[in-house]
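**Student:** Submitted below is the structure of interest, expressed as C-alpha cells.
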Protein chains: 4
Amino acid sequence: MSQTDMSIFEKLESEVRSYVRSFPTVFTKAKNYKMWDEQGKEYIDFFSGAGALNYGHNDPHMKSKLVDYILSDGITHSLDMATTAKAEFLTTFNDVILKPRNLDYKVMFPGPTGTNTVESALKLARKVTGRTEVISFTNGFHGMTIGALSVTGNAFKRKGAGVPLQNVITMPYDSFVNDNLDTLEYLERFLTDGGSGVEIPAAMILETVQGEGGINAARFEWLQRVEDICKRWGILLIIDDVQAGVGRTGTFFSFEKAGIKPDIVCMSKSIGGMGLPLAITLIRPDLDIFAPGEHNGTFRGNNHAFVTATAALSYWEDPNFEKGIETRSKRMFAFLERLVADYPELKGEAKGRGYMVGISSEVDGLSPKIAAEAFKRGLIMETSGPKDEVFKLFPPLTIDDEGLEKGFAIIEDSIKAVLGAKELVTS
Amino acid sequence: MSQTDMSIFEKLESEVRSYVRSFPTVFTKAKNYKMWDEQGKEYIDFFSGAGALNYGHNDPHMKSKLVDYILSDGITHSLDMATTAKAEFLTTFNDVILKPRNLDYKVMFPGPTGTNTVESALKLARKVTGRTEVISFTNGFHGMTIGALSVTGNAFKRKGAGVPLQNVITMPYDSFVNDNLDTLEYLERFLTDGGSGVEIPAAMILETVQGEGGINAARFEWLQRVEDICKRWGILLIIDDVQAGVGRTGTFFSFEKAGIKPDIVCMSKSIGGMGLPLAITLIRPDLDIFAPGEHNGTFRGNNHAFVTATAALSYWEDPNFEKGIETRSKRMFAFLERLVADYPELKGEAKGRGYMVGISSEVDGLSPKIAAEAFKRGLIMETSGPKDEVFKLFPPLTIDDEGLEKGFAIIEDSIKAVLGAKELVTS
Amino acid sequence: MSQTDMSIFEKLESEVRSYVRSFPTVFTKAKNYKMWDEQGKEYIDFFSGAGALNYGHNDPHMKSKLVDYILSDGITHSLDMATTAKAEFLTTFNDVILKPRNLDYKVMFPGPTGTNTVESALKLARKVTGRTEVISFTNGFHGMTIGALSVTGNAFKRKGAGVPLQNVITMPYDSFVNDNLDTLEYLERFLTDGGSGVEIPAAMILETVQGEGGINAARFEWLQRVEDICKRWGILLIIDDVQAGVGRTGTFFSFEKAGIKPDIVCMSKSIGGMGLPLAITLIRPDLDIFAPGEHNGTFRGNNHAFVTATAALSYWEDPNFEKGIETRSKRMFAFLERLVADYPELKGEAKGRGYMVGISSEVDGLSPKIAAEAFKRGLIMETSGPKDEVFKLFPPLTIDDEGLEKGFAIIEDSIKAVLGAKELVTS
Amino acid sequence: MSQTDMSIFEKLESEVRSYVRSFPTVFTKAKNYKMWDEQGKEYIDFFSGAGALNYGHNDPHMKSKLVDYILSDGITHSLDMATTAKAEFLTTFNDVILKPRNLDYKVMFPGPTGTNTVESALKLARKVTGRTEVISFTNGFHGMTIGALSVTGNAFKRKGAGVPLQNVITMPYDSFVNDNLDTLEYLERFLTDGGSGVEIPAAMILETVQGEGGINAARFEWLQRVEDICKRWGILLIIDDVQAGVGRTGTFFSFEKAGIKPDIVCMSKSIGGMGLPLAITLIRPDLDIFAPGEHNGTFRGNNHAFVTATAALSYWEDPNFEKGIETRSKRMFAFLERLVADYPELKGEAKGRGYMVGISSEVDGLSPKIAAEAFKRGLIMETSGPKDEVFKLFPPLTIDDEGLEKGFAIIEDSIKAVLGAKELVTS
C-alpha cells in the first residue's frame with residue numbers, strides 16, 4: 001500500500017476534524033491494544049476510541065463471526081425490521097446481562113450513536129411525565145445534537161449550538177463546589193421551595209463517572225441519594241452509560257456497585273463490541289409508552305453491530321473477566337498515585353474509577369503536553385476536563401500486563417521529559 | 001439455523017419498533033433486490049432501507065472489499081483520526097464525484113446518521129451568519145434529534161419532542177396550498193416586509209424531493225428561485241440529500257439537474273454503499289469555520305463504511321449507470337400513470353422523480369392496505385405522507401428488468417385485490 | 001411659569017425617548033383637540049395619544065368628576081380590592097356597553113397598559129387550551145413586554161428583545177402578499193396538513209385595523225372567516241382592541257360591524273376616558289378559569305381612571321355619538337382620496353376605517369417629511385408602517401368641523417410644501 | 001352614596017381578582033394610614049398598596065398640586081412628548097435624589113408598571129452585552145409579563161405563563177439553603193467552571209429585600225459581593241427597587257447602606273407618590289444605548305403621576321424624614337421580636353428591614369389566619385412567601401406613633417385570638 005499524504009485531510013476534510021491534530025499520523029492496522037500507522041510504527045492504545053473499544057481492536061472472535069455473516073449474505077441494513085441477528089442480540093443481552101442482574105428493561109434501538117440514545121431518553125421522560133424541564137449536572141457530557149447538547153455542560157460545545165439551549169437546569173455534580181458542600185442538599189432545596197424558580201423536572205440525567213468532564217467519579221452514596229430524591233419527587237433517573245458502561249468502570253453497568261436501578265439507561269460506544277455504530281436505550285417496562293416510530297432513524301438496525309455485539313457478550317459469561325478488570329484497575333490507580341507522589345511538580349490528583357482514570361494537573365497546559373509527548377513515544381492517550389487539565393488512561397479491558405507496563409513506562413517517561421523541559425525553560 | 005420466535009421482539013424490544021409491524025417476519029438473508037426470511041420466502045425489495053440501499057443488498061464488490069479489510073485487521077474505529085480507509089474515501093469522493101461536477105466542498109464527518117449531518121449543517125449555518133432562525137418547508141423531514149426535528153414538519157414526530165420546537169419558520173413547499181399559489185412570492189414577501197414577524201434566517205433547509213413527506217418533487221424552476229432568494233438575502237441554502245441523493249432521483253446529487261449549488265449538503269443513507277452507517281456534510285470551503293471538535297461524535301469515522309462507500313463510487317465512473325436509472329425511471333413513472341388511469345377507484349396521482357416515486361391516493365387508508373397486500377404477495381413497499389396516503393416505489397438503482405416487472409405485477413395484483421375486497425365490503 | 005430648557009430631556013432622559021424628537025417642544029396645556037406649548041403656540045391634535053385620547057384632552061365632565069373624587073379623598077390606589085369607583089365602572093360598563101351589544105364578558109383588570117392586557121390574554125388562552133403556540137399576523141402590534149412582543153411583527157421592535165421570541169407563528173394578514181392571494185386559504189392549509197410544521201395553536205390574536213402596522217383594515221368578510229376557522233379548529237380568537245377600540249373605527253368595539261364575537265378582547269388606551277392608565281381584558285365567561293392572583297399587578301385598580309372611564313361611557317348612551325363619527329369618517333376618507341387623486345406625486349393610497357385612516361406613500365421617506373412639515377404648521381400627526389410610509393389621521397372622536405377643516409388645510413399645505421421642495425431639489 | 005352590592009364583583013369581574021377575597025368590603029375613602037369602607041368602618045393600613053403608598057393615602061400636598069394641575073388643563077396624556085410636568089419631575093428627581101447621592105443615572109420612562117421597568121432593564125442588559133441569559137435569584141419577584149416572569153421564582157406564577165420560561169438561570173439568594181452555605185461561592189463556581197452549563201449572563205437581577213418572596217433581607221456584605229462578582233465578570237447588576245425602594249427600607253434607594261451602585265435600577269409603586277401608575281428605569285449613562293422608541297408604551301408619560309411624584313420628593317429634602325423611618329423601624333422590629341418571644345406557639349422568626357418586616361411562622365396556615373383575624377379587627381395586612389408563611393408589616397412611612405400602636409395592638413390581639421382558637425381545636 002502506498003503512503004498517504006497527510007495533506008489530503010487538510011485539503012478535503014472540514015476544519016472540524018480534531019483527533020487527527022493530536023495524533024498526526026495515518027493509521028492503517030490495529031489489534032487489541034496496538035495500532036500501527038502506515039510507516040509501520042506501533043502505538044499502545046490508552047484511548048480505546050474514547051470508550052468505544054473496550055474489547056480492544058479487531059477481536060478475533062468478533063471478526064470471525066462478522067466475516068461469516070457477511071459472506072453468508074446476512075442482512076446488513078434493515079431499519080427496525082426483524083432479523084435473525086437482531087433476535088440473537090436481544091436474546092443474548094437478556095440472558096447474559098439483564099436477567100443475571102435482575103433487570104427487566106425493554107430495549108430500544110435509536111440511531112446508532114450516543115447522542116441519539118440520549119435524545120430518545122429525554123423524549124421518553126418528557127412524554128411519560130408531561131413535563132418539559134430536565135436536570136443535568138455540571139461537566140456532564142451527553143452529545144452534540146440540540147437535545148443532548150442542552151444537557152451537556154461544556155461552554156464551548158454549548159456555544160456551538162448557535163441558539164439558546166432550553167428546558168434544562170444544571171445542578172452541581174458531586175464535589176463540584178468543594179468537597180464539603182453537599183450538592184444534593186442544595187439540589188433538593190430547589191425542589192422543595194415553591195419560590196425557587198426550578199420546577200419539578202421530567203428527569204435527571206447523569207453519568208456515574210464523567211469522562212469528557214474531567215474523570216469525575218460520583219461517590220456511590222451520592223448516586224444512591226440521587227436515586228432516592230428522584231423516587232421521592234417522581235422524577236425519572238436516566239443514567240448515561242455511553243462511556244462509563246460496558247465494563248469501563250469494572251462492572252457491565254457503571255451503576256451496579258452503587259446498587260441503584262435507573263429508569264432509563266443510555267448505552268452506545270462499546271455495546272457494539274468491535275467499534276461498529278450501535279446504541280441502545282434501556283427502558284423500565286412500564287415507561288415504554290412510545291408510539292410505533294415516534295423516535296426512529298435509518299441505522300437503528302445495524303446488523304453487523306448486532307453480530308459483533310452478541311459475540312462480545314460472551315466475555316461477560318466468564319466471571320473472571322470482571323475480576324481481571326478489578327485487579328488491573330487497582331494497579332492503574334496505584335500507578336497514578338505514585339506518579340502524583342513522585343512528581344509533585346505535576347500538582348496532580350489521581351481521579352476516576354476502574355479503567356476510566358487519570359491525573360488532573362493544576363499546572364495550566366501540562367496535561368496536553370504530557371499526552372503529546374506520549375504520542376511521540378508511541379502511546380495514544382487523551383485529555384479531558386473543561387481546561388483539558390486531565391490526562392486519561394483508557395486502555396481496553398482486554399489489555400495484558402505487558403501492554404499496561406509498556407504504557408505506564410511511556411507515561412512516566414513523558415512526564416519526566418515534559419517536566420525536565422519545563423525546568424530548562426523556567427530555570 | 002433454528003427459527004426465531006417473533007414474540008421475542010414483543011417481549012424484549014420497545015414499543016417504538018415500527019417496520020417490524022408492517023413487515024412481520026424475520027429476515028435472514030438478502031442479495032441485491034431480494035430478501036429472504038427464515039422460512040425461505042423470497043421478497044422483492046421496493047423499499048431499499050428507505051433509501052439506504054440504493055446499490056441493493058450485499059453488493060459483491062463491496063462485500064469483498066470489506067471482508068478483505070476486516071481480515072487484514074484494518075482499523076475499524078478511529079473517531080476522526082486519519083486512516084488509510086478514510087484517505088481513500090476522501091480522495092475517491094473528490095475525484096469521482098466532486099471534481100467532475102465542478103464542486104469543491106470540504107467534507108465533514110458528523111455522527112453517521114442523517115439527523116446528525118442535519119444538526120451539523122444547522123449549527124454551521126448559525127455560526128457563519130450569527131443568526132438563530134432557520135426556514136424549513138412544509139412536509140420536510142430531516143431527523144429526530146431536537147435540532148433536526150425542529151425543521152421537520154410532521155406533527156406526530158414534532159409532538160414527540162415533549163418541548164416546544166424553536167428557532168424555525170415553516171414556509172410552504174412547492175405546490176403546498178395548490179398548484180396556482182406561488183409559494184415563493186409568499187415567502188419573499190415575508191422577508192421583504194419589516195413587519196412580517198419573520199427575521200432574516202441563517203439558512204433555508206429543504207429536500208428537492210420530499211420522501212417521508214409524501215413524494216413531493218419540487219420543480220427545478222422553484223429550486224432555482226429558492227437559490228436566487230437565498231443569494232439575494234444572504235441566506236445559506238442547505239440541501240438535505242440524505243434520502244434523495246446518491247442517485248435516487250437520477251443523478252448523484254438530487255439538485256444537479258436544477259443547476260443549483262447549495263452552500264451545504266447533507267448526505268447519509270446510501271453514501272455508505274452497503275447500508276453501513278455513514279454521514280457526510282459538504283461545506284462550501286469559505287464557510288468551513290468550525291473550530292476543531294466543535295461538532296463531534298464517537299462514530300464519525302466508521303472505517304467499514306469508508307471501505308464500502310469507496311467501492312460504491314466505482315458505479316459512478318461508468319456513465320451508463322446514470323443512463324440506466326433514467327431509462328427505468330421512465331418505465332416506472334409510466335407504469336404508475338397507467339395504474340392511475342386504469343384504476344380510477346384509486347383516486348390516485350403519480351408523483352415523484354427518478355427512483356423515488358409513488359401514487360398518492362385520496363381514498364383514506366387505501367395506500368397502507370395496498371402495501372400490506374403487496375407484502376403478503378412478496379413485495380416490500382412503504383407508505384409515506386402526513387396521512388400515509390402515498391405508496392412508494394423505492395427499488396434499488398441496481399434492480400434489473402426482471403425484478404422491476406415482478407414488482408410491478410405484485411403491485412397491480414395487490415391493487416386489484418384491495419379494490420375488489422373493498423367493493424365486496426362497500427357494496 | 002418659566003420656560004423649560006429642552007436640553008433637560010437630552011441631559012436627564014434616556015435615549016429611548018421618541019416622540020419628543022418628532023414634536024420638539026414643551027407642551028403645557030390641552031383642551032379637546034387643541035394643545036399649547038410653553039410659548040403659547042396652539043396645535044391641532046391629529047394624534048390623540050396614539051388612540052388614548054379618543055375623547056380629546058381634558059374633557060370637562062371627566063375633569064369635574066375626577067376633581068370631586070380627589071377632593072373627597074376617594075380611594076386612589078387599591079390593587080384589586082373592591083372600591084366604590086370600581087363598582088361603578090363595572091356596573092356602567094356592563095349596562096352601557098356589554099348588555100346592549102348582547103355580550104356577557106367577565107372583566108379582568110391587568111396592569112393598566114396595552115401590553116399587560118395582551119399578556120393576560122395569551123396566558124389565559126394557553127391555560128384554557130393547554131397549548132403553547134399562538135398565531136399572530138404580519139404587521140400586528142401588541143406591545144413591548146416579551147409575551148406581547150412575541151406576537152408583534154415589527155423587526156426592529158422584535159430585535160430589541162435580545163432573545164429569540166418563541167411560541168408564535170406569524171400568518172399573513174388580509175391582503176399581505178397581494179390583493180389576490182387568499183391568505184386564509186393559506187392559513188387553513190397549514191392547520192389541515194399534519195406535515196405543515198404548524199401545530200394547532202391556543203389562540204389567534206389580531207387587530208381588526210392595524211394601527212402601528214400601517215393602517216391596514218381587514219375586510220369584515222376576512223374577519224368572519226377568521227372567526228369561523230377558530231371555531232372549527234377550537235382555537236381562541238383574541239381581538240386586540242387597544243387602539244382600534246373605544247369608537248376609533250366607528251363603533252365601541254372595532255369588530256361590531258363584522259358581526260363576530262371574540263373569545264377574549266384586549267382594551268386599554270381610551271378605555272380610561274381621559275388618558276389615564278387603564279386596561280381591561282374581556283373574557284368569555286366559561287373561559288374565566290384564572291386562579292386568584294394568577295396574573296396580577298400593582299396598578300390593576302387605578303381608581304382615578306375608573307372615575308373618568310365611567311364618565312366617558314356616557315358618550316355612548318347617546319346614539320348620535322356613533323352617527324357623528326360615521327359622518328365625519330366619510331369626510332375624512334373623501335379628503336384623503338382627493339389628496340391621492342390631486343397629488344399623484346404622492347404615489348399614495350388612502351387606507352383605514354373610521355377615525356383611523358391615513359395615506360400610504362410609496363415614495364421613500366415622504367410621509368415623515370409631510371408629518372414634520374405639518375408639525376411646523378401646528379398639526380400633530382404621526383406616521384406608521386414598517387417603513388413609516390403612512391401618515392395617520394387620528395383626531396379625537398370629539399373634534400368639531402372647524403377643527404377637522406383646520407387640520408385638513410394644514411395637511412394639504414404641508415403636502416404642497418414638501419412636494420414643492422422636492423421638485424426644487426430633484427429638478 | 002348608596003351601598004354597593006359585593007356580588008357585583010363576583011358577577012362582573014374575573015376570577016383572577018385576589019385581594020378582594022382577603023379584604024371583603026367595599027372601600028370608599030382613605031387618608032394617610034386610614035381607610036374607610038362604605039359602612040364607615042375604619043381600617044389601619046399596614047399594607048400600603050403592597051408598597052405603592054409609602055406616603056400614605058391622599059397626601060394633602062400632592063392632592064392639592066394634582067387638583068390645580070387638572071383644573072388648569074395641564075397635559076394629562078402625552079406619550080413621551082415633552083411636558084412641563086415631566087421637566088419638573090426630571091429636574092427635581094435629579095436635584096433631590098440623584099445628585100446628593102452622587103449618582104448620574106439617565107431616566108427612562110417605560111410603561112407605568114413594575115413589570116414594564118423590569119422588561120426594559122432586561123432588554124437593555126441584553127442589548128449592551130449581546131448575551132441572552134440572565135441570573136435571577138430564588139424567591140425573587142419581578143412581575144407578570146413573560147420577560148419579568150422568567151426571572152420570578154414563584155412556581156404558581158411561573159406555571160401561569162403556559163410556556164416554558166427561558167434564558168434565565170436561578171441562583172440561590174442569601175441564606176437560601178441554610179445560613180451556613182455560602183451561596184455566592186456556589187454561584188461563582190458556576191461562572192468559573194467552563195463545564196458548568198451556565199454561560200456568562202447579561203445581567204443579575206435582584207431585590208435587596210424580597211417582599212413577595214417572604215421578606216428576605218440580603219445582608220449588605222452579600223450584596224457587596226454580588227456587585228464585586230458582577231464587576232469582575234462584566235455582568236450588569238440590576239436592582240429591582242420597585243417594592244424596596246422609595247424609603248421602604250429606610251433610605252430612598254434600598255441599596256444605599258450597602259454602598260453599591262447598580263448599573264440599572266427599576267422603580268415603580270411609590271415613585272408616583274400618591275399611588276398613581278408610574279415607573280422609571282435608571283440607567284448608567286454609558287449603557288444608555290437604546291434606539292429611540294426601541295422600548296415604548298402608551299402610558300410612559302403619565303403627567304398626573306409626574307405632578308404627584310414631584311410633590312412627593314419634597315419629603316426627601318428634610319433629613320428628619322429618613323431619621324423618623326429609622327426610629328420607627330427599630331420599634332417595629334423590637335415589637336416583632338417580642339411577639340416571637342412571647343408566643344412560642346408561633347414558631348416565628350422576625351424578618352426584614354426598615355418598614356418591610358414581618359414574622360415567618362413555621363406553623364402551616366397560621367400567618368394567613370392571623371392576617372384574616374386582623375382584618376376583622378380593622379387592620380389591613382398581607383402575607384407573603386412561597387407558602388404564605390409570613391405576615392407582613394408594611395405601614396406607610398408617614399404613619400404616626402398612634403397609628404403604629406393601634407396596629408400593633410390589633411396584631412397582638414389577633415395572634416392571641418388565633419392561637420387561643422387553635423388551642424381549643426387541638427386540645
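Numbering starts fresh at 1 for the residues of each chain in the C-alpha cells, the chains themselves are lettered A, B, ... in the order given, and ligands are numbered from 1 as they appear.
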At a cut-off of 10 Å, list the chain A residues touching chain D, using only C-alpha atoms, as an MDAnalysis selection string.
**Tutor:** chainID A and resid 131:133 136:141 149:159 163:173 176:178 181:183 185:190 193:200 212:214 385:387
**Student:** Excluding Val134 of chain D and any residue of its chain fewer than 4 positions from it, enumerate the residues within 6 Å of it, using only C-alpha atoms, and give them as a list in words.
**Tutor:** Val168, Pro201, Ala202, Ala203 and Met204 of chain D
**Student:** So how far away is atom CA of Gln224 of chain B from atom CA of Leu103 of chain B, in Å?
**Tutor:** 17.3 Å
**Student:** Show which residues sit within 6 Å of segment 301-307 of chain B, as a PDB file with all heavy atoms, in the first residue's frame. Count only C-alpha atoms, and ignore same-chain residues fewer than 3 positions away.
**Tutor:**
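Contents of out.pdb, as written:
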ATOM      1  N   THR B  76     -10.908  -0.407  12.503  1.00  0.00           N
ATOM      2  CA  THR B  76     -12.364  -0.399  12.491  1.00  0.00           C
ATOM      3  C   THR B  76     -12.903   0.940  12.988  1.00  0.00           C
ATOM      4  O   THR B  76     -13.720   1.574  12.343  1.00  0.00           O
ATOM      5  CB  THR B  76     -12.919  -1.538  13.373  1.00  0.00           C
ATOM      6  OG1 THR B  76     -12.432  -2.778  12.836  1.00  0.00           O
ATOM      7  CG2 THR B  76     -14.450  -1.540  13.369  1.00  0.00           C
ATOM      8  N   SER B  78     -11.992   4.731  14.744  1.00  0.00           N
ATOM      9  CA  SER B  78     -10.867   5.661  14.885  1.00  0.00           C
ATOM     10  C   SER B  78     -11.291   7.095  15.185  1.00  0.00           C
ATOM     11  O   SER B  78     -10.516   8.002  15.010  1.00  0.00           O
ATOM     12  CB  SER B  78     -10.051   5.664  13.594  1.00  0.00           C
ATOM     13  OG  SER B  78     -10.908   5.980  12.509  1.00  0.00           O
ATOM     14  N   LEU B  79     -12.546   7.296  15.606  1.00  0.00           N
ATOM     15  CA  LEU B  79     -13.017   8.673  15.779  1.00  0.00           C
ATOM     16  C   LEU B  79     -12.614   9.476  14.540  1.00  0.00           C
ATOM     17  O   LEU B  79     -12.867   8.996  13.441  1.00  0.00           O
ATOM     18  CB  LEU B  79     -12.461   9.276  17.080  1.00  0.00           C
ATOM     19  CG  LEU B  79     -13.096   8.666  18.339  1.00  0.00           C
ATOM     20  CD1 LEU B  79     -12.097   8.480  19.436  1.00  0.00           C
ATOM     21  CD2 LEU B  79     -14.265   9.541  18.779  1.00  0.00           C
ATOM     22  N   ASP B  80     -12.012  10.646  14.703  1.00  0.00           N
ATOM     23  CA  ASP B  80     -11.616  11.338  13.464  1.00  0.00           C
ATOM     24  C   ASP B  80     -10.097  11.400  13.303  1.00  0.00           C
ATOM     25  O   ASP B  80      -9.561  12.357  12.768  1.00  0.00           O
ATOM     26  CB  ASP B  80     -12.275  12.717  13.337  1.00  0.00           C
ATOM     27  CG  ASP B  80     -11.847  13.688  14.411  1.00  0.00           C
ATOM     28  OD1 ASP B  80     -11.054  13.299  15.284  1.00  0.00           O
ATOM     29  OD2 ASP B  80     -12.293  14.835  14.362  1.00  0.00           O
ATOM     30  N   ALA B  85      -8.219   4.072   5.133  1.00  0.00           N
ATOM     31  CA  ALA B  85      -9.556   3.914   4.533  1.00  0.00           C
ATOM     32  C   ALA B  85     -10.247   5.261   4.342  1.00  0.00           C
ATOM     33  O   ALA B  85     -10.928   5.502   3.346  1.00  0.00           O
ATOM     34  CB  ALA B  85     -10.411   3.012   5.421  1.00  0.00           C
ATOM     35  N   LYS B  86     -10.039   6.134   5.283  1.00  0.00           N
ATOM     36  CA  LYS B  86     -10.658   7.456   5.197  1.00  0.00           C
ATOM     37  C   LYS B  86     -10.010   8.269   4.079  1.00  0.00           C
ATOM     38  O   LYS B  86     -10.689   8.948   3.305  1.00  0.00           O
ATOM     39  CB  LYS B  86     -10.472   8.174   6.535  1.00  0.00           C
ATOM     40  CG  LYS B  86     -11.198   9.485   6.662  1.00  0.00           C
ATOM     41  CD  LYS B  86     -10.860  10.088   8.017  1.00  0.00           C
ATOM     42  CE  LYS B  86     -11.779  11.206   8.409  1.00  0.00           C
ATOM     43  NZ  LYS B  86     -11.482  11.688   9.775  1.00  0.00           N
ATOM     44  N   PHE B  89     -11.368   7.128   0.824  1.00  0.00           N
ATOM     45  CA  PHE B  89     -12.722   7.629   0.566  1.00  0.00           C
ATOM     46  C   PHE B  89     -12.677   9.096   0.143  1.00  0.00           C
ATOM     47  O   PHE B  89     -13.295   9.502  -0.847  1.00  0.00           O
ATOM     48  CB  PHE B  89     -13.632   7.468   1.792  1.00  0.00           C
ATOM     49  CG  PHE B  89     -14.935   8.156   1.587  1.00  0.00           C
ATOM     50  CD1 PHE B  89     -15.886   7.636   0.708  1.00  0.00           C
ATOM     51  CD2 PHE B  89     -15.219   9.375   2.216  1.00  0.00           C
ATOM     52  CE1 PHE B  89     -17.085   8.295   0.479  1.00  0.00           C
ATOM     53  CE2 PHE B  89     -16.412  10.034   1.987  1.00  0.00           C
ATOM     54  CZ  PHE B  89     -17.357   9.499   1.115  1.00  0.00           C
ATOM     55  N   GLY B 272     -22.906   5.307   2.309  1.00  0.00           N
ATOM     56  CA  GLY B 272     -22.056   4.239   2.820  1.00  0.00           C
ATOM     57  C   GLY B 272     -21.997   3.020   1.901  1.00  0.00           C
ATOM     58  O   GLY B 272     -21.235   2.088   2.151  1.00  0.00           O
ATOM     59  N   LEU B 276     -24.153   0.509   5.599  1.00  0.00           N
ATOM     60  CA  LEU B 276     -23.463   0.738   6.870  1.00  0.00           C
ATOM     61  C   LEU B 276     -23.572   2.212   7.253  1.00  0.00           C
ATOM     62  O   LEU B 276     -23.566   3.080   6.378  1.00  0.00           O
ATOM     63  CB  LEU B 276     -21.986   0.331   6.747  1.00  0.00           C
ATOM     64  CG  LEU B 276     -21.755  -1.140   6.394  1.00  0.00           C
ATOM     65  CD1 LEU B 276     -20.257  -1.417   6.259  1.00  0.00           C
ATOM     66  CD2 LEU B 276     -22.355  -2.047   7.465  1.00  0.00           C
ATOM     67  N   THR B 310     -16.280   3.785  -0.635  1.00  0.00           N
ATOM     68  CA  THR B 310     -15.304   3.987  -1.706  1.00  0.00           C
ATOM     69  C   THR B 310     -15.593   3.014  -2.858  1.00  0.00           C
ATOM     70  O   THR B 310     -15.594   3.398  -4.039  1.00  0.00           O
ATOM     71  CB  THR B 310     -13.880   3.770  -1.160  1.00  0.00           C
ATOM     72  OG1 THR B 310     -13.689   4.634  -0.040  1.00  0.00           O
ATOM     73  CG2 THR B 310     -12.837   4.063  -2.228  1.00  0.00           C
TER      74      THR B 310
END
**Student:** Fewer than 4 positions away in the same chain doesn't count, so skip those; otherwise give me all residues within 12 Å of Thr145 of chain C, counting only C-alpha atoms, as JSON, numbers by chain.
**Tutor:** {"C": [113, 114, 115, 116, 117, 118, 119, 120, 141, 149, 150, 151, 152, 157, 158, 160, 161, 162, 163, 165], "D": [110, 111, 113, 114, 115, 116, 117, 118, 119, 120, 121, 122, 123, 143, 144, 145, 146, 147, 148, 149, 150, 294, 295, 296, 297]}
**Student:** Out of segment 319-388 of chain D, which residues get strand (DSSP E) from DSSP, as a ChimeraX atom specification?
**Tutor:** /D:348-353,356-361,379-380,383-384
**Student:** So which residues touch Glu322 of chain C within 8 Å, counting only C-alpha atoms, skipping near sequence neighbours fewer than 2 positions away, as number ranges by chain?
**Tutor:** C: 247, 250-251, 316, 319-320, 324-326
**Student:** Could you please take those selected residues and save N, CA, C and O atoms as a short mmCIF file (atom, residue, chain, number, x, y, z; two decimals), in the first residue's frame?
**Tutor:**
data_model
loop_
_atom_site.label_atom_id
_atom_site.label_comp_id
_atom_site.auth_asym_id
_atom_site.auth_seq_id
_atom_site.Cartn_x
_atom_site.Cartn_y
_atom_site.Cartn_z
N GLY C 247 -64.48 53.24 19.91
CA GLY C 247 -65.02 54.16 18.93
C GLY C 247 -64.11 54.55 17.79
O GLY C 247 -64.56 55.15 16.80
N GLY C 250 -65.44 53.61 14.61
CA GLY C 250 -66.83 53.99 14.36
C GLY C 250 -67.82 53.37 15.33
O GLY C 250 -68.90 53.92 15.57
N THR C 251 -67.47 52.24 15.90
CA THR C 251 -68.32 51.59 16.90
C THR C 251 -67.48 51.37 18.15
O THR C 251 -66.25 51.44 18.09
N TRP C 316 -71.59 57.13 25.11
CA TRP C 316 -72.17 56.02 24.34
C TRP C 316 -73.65 55.81 24.62
O TRP C 316 -74.30 54.98 23.97
N PRO C 319 -77.12 57.86 21.03
CA PRO C 319 -76.89 57.21 19.73
C PRO C 319 -76.30 58.16 18.68
O PRO C 319 -75.71 57.72 17.70
N ASN C 320 -76.46 59.46 18.89
CA ASN C 320 -75.91 60.41 17.91
C ASN C 320 -74.39 60.41 17.90
O ASN C 320 -73.77 60.86 16.94
N GLY C 324 -72.31 60.61 14.50
CA GLY C 324 -71.37 61.70 14.22
C GLY C 324 -70.02 61.17 13.75
O GLY C 324 -69.41 61.73 12.83
N ILE C 325 -69.57 60.10 14.39
CA ILE C 325 -68.28 59.52 13.97
C ILE C 325 -68.37 59.07 12.52
O ILE C 325 -67.48 59.34 11.70
N GLU C 326 -69.50 58.44 12.20
CA GLU C 326 -69.64 57.90 10.85
C GLU C 326 -69.61 59.02 9.81
O GLU C 326 -68.93 58.92 8.79
#
**Student:** Which of these, D:Met356, D:Val363, D:Ala258, D:Ala244, has the shortest distance to Asp388 of chain D once you count only C-alpha atoms?
**Tutor:**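 Closest candidate: D:Val363.
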**Student:** Using atom CA of Lys416 of chain D and atom CA of Phe394 of chain D as the two end points, give the distance in Å to one decimal.
**Tutor:** 20.8 Å
**Student:** Name the residues of segment 63-250 of chain D that fall into helix (DSSP H, G or I) according to DSSP on the backbone, using the chain letters and numbers of this document, as a ChimeraX atom specification.
**Tutor:** /D:63-71,84-101,114-129,146-150,155-159,183-192,220-233
**Student:** I'd like the neighbourhood of Val265 of chain B as number ranges by chain, where a residue qualifies if any of its atoms comes within 7 Å (using only C-alpha atoms), though same-chain residues fewer than 4 positions away should be ignored.
**Tutor:** B: 238-241, 281-283
**Student:** I need the chosen residues saved as a PDB file, in the first residue's frame, with C-alpha atoms.
**Tutor:**
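The resulting file, result-v1.pdb, is reproduced below:
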ATOM      1  CA  ILE B 238     -28.861  23.668   2.823  1.00  0.00           C
ATOM      2  CA  ILE B 239     -29.979  20.762   0.666  1.00  0.00           C
ATOM      3  CA  ASP B 240     -30.802  17.688   2.692  1.00  0.00           C
ATOM      4  CA  ASP B 241     -29.859  14.969   0.218  1.00  0.00           C
ATOM      5  CA  THR B 281     -21.786  17.161   5.456  1.00  0.00           C
ATOM      6  CA  LEU B 282     -20.470  19.008   2.413  1.00  0.00           C
ATOM      7  CA  ILE B 283     -19.459  22.584   3.076  1.00  0.00           C
TER       8      ILE B 283
END
**Student:** Can you tell me which residues surround Glu88 of chain B at a distance of at most 10 Å, considering only C-alpha atoms, apart from same-chain residues fewer than 5 positions away, and format the answer as a VMD selection string?
**Tutor:** (chain A and resid 4 8) or (chain B and resid 83 93 to 94 306 to 307 309 to 311)
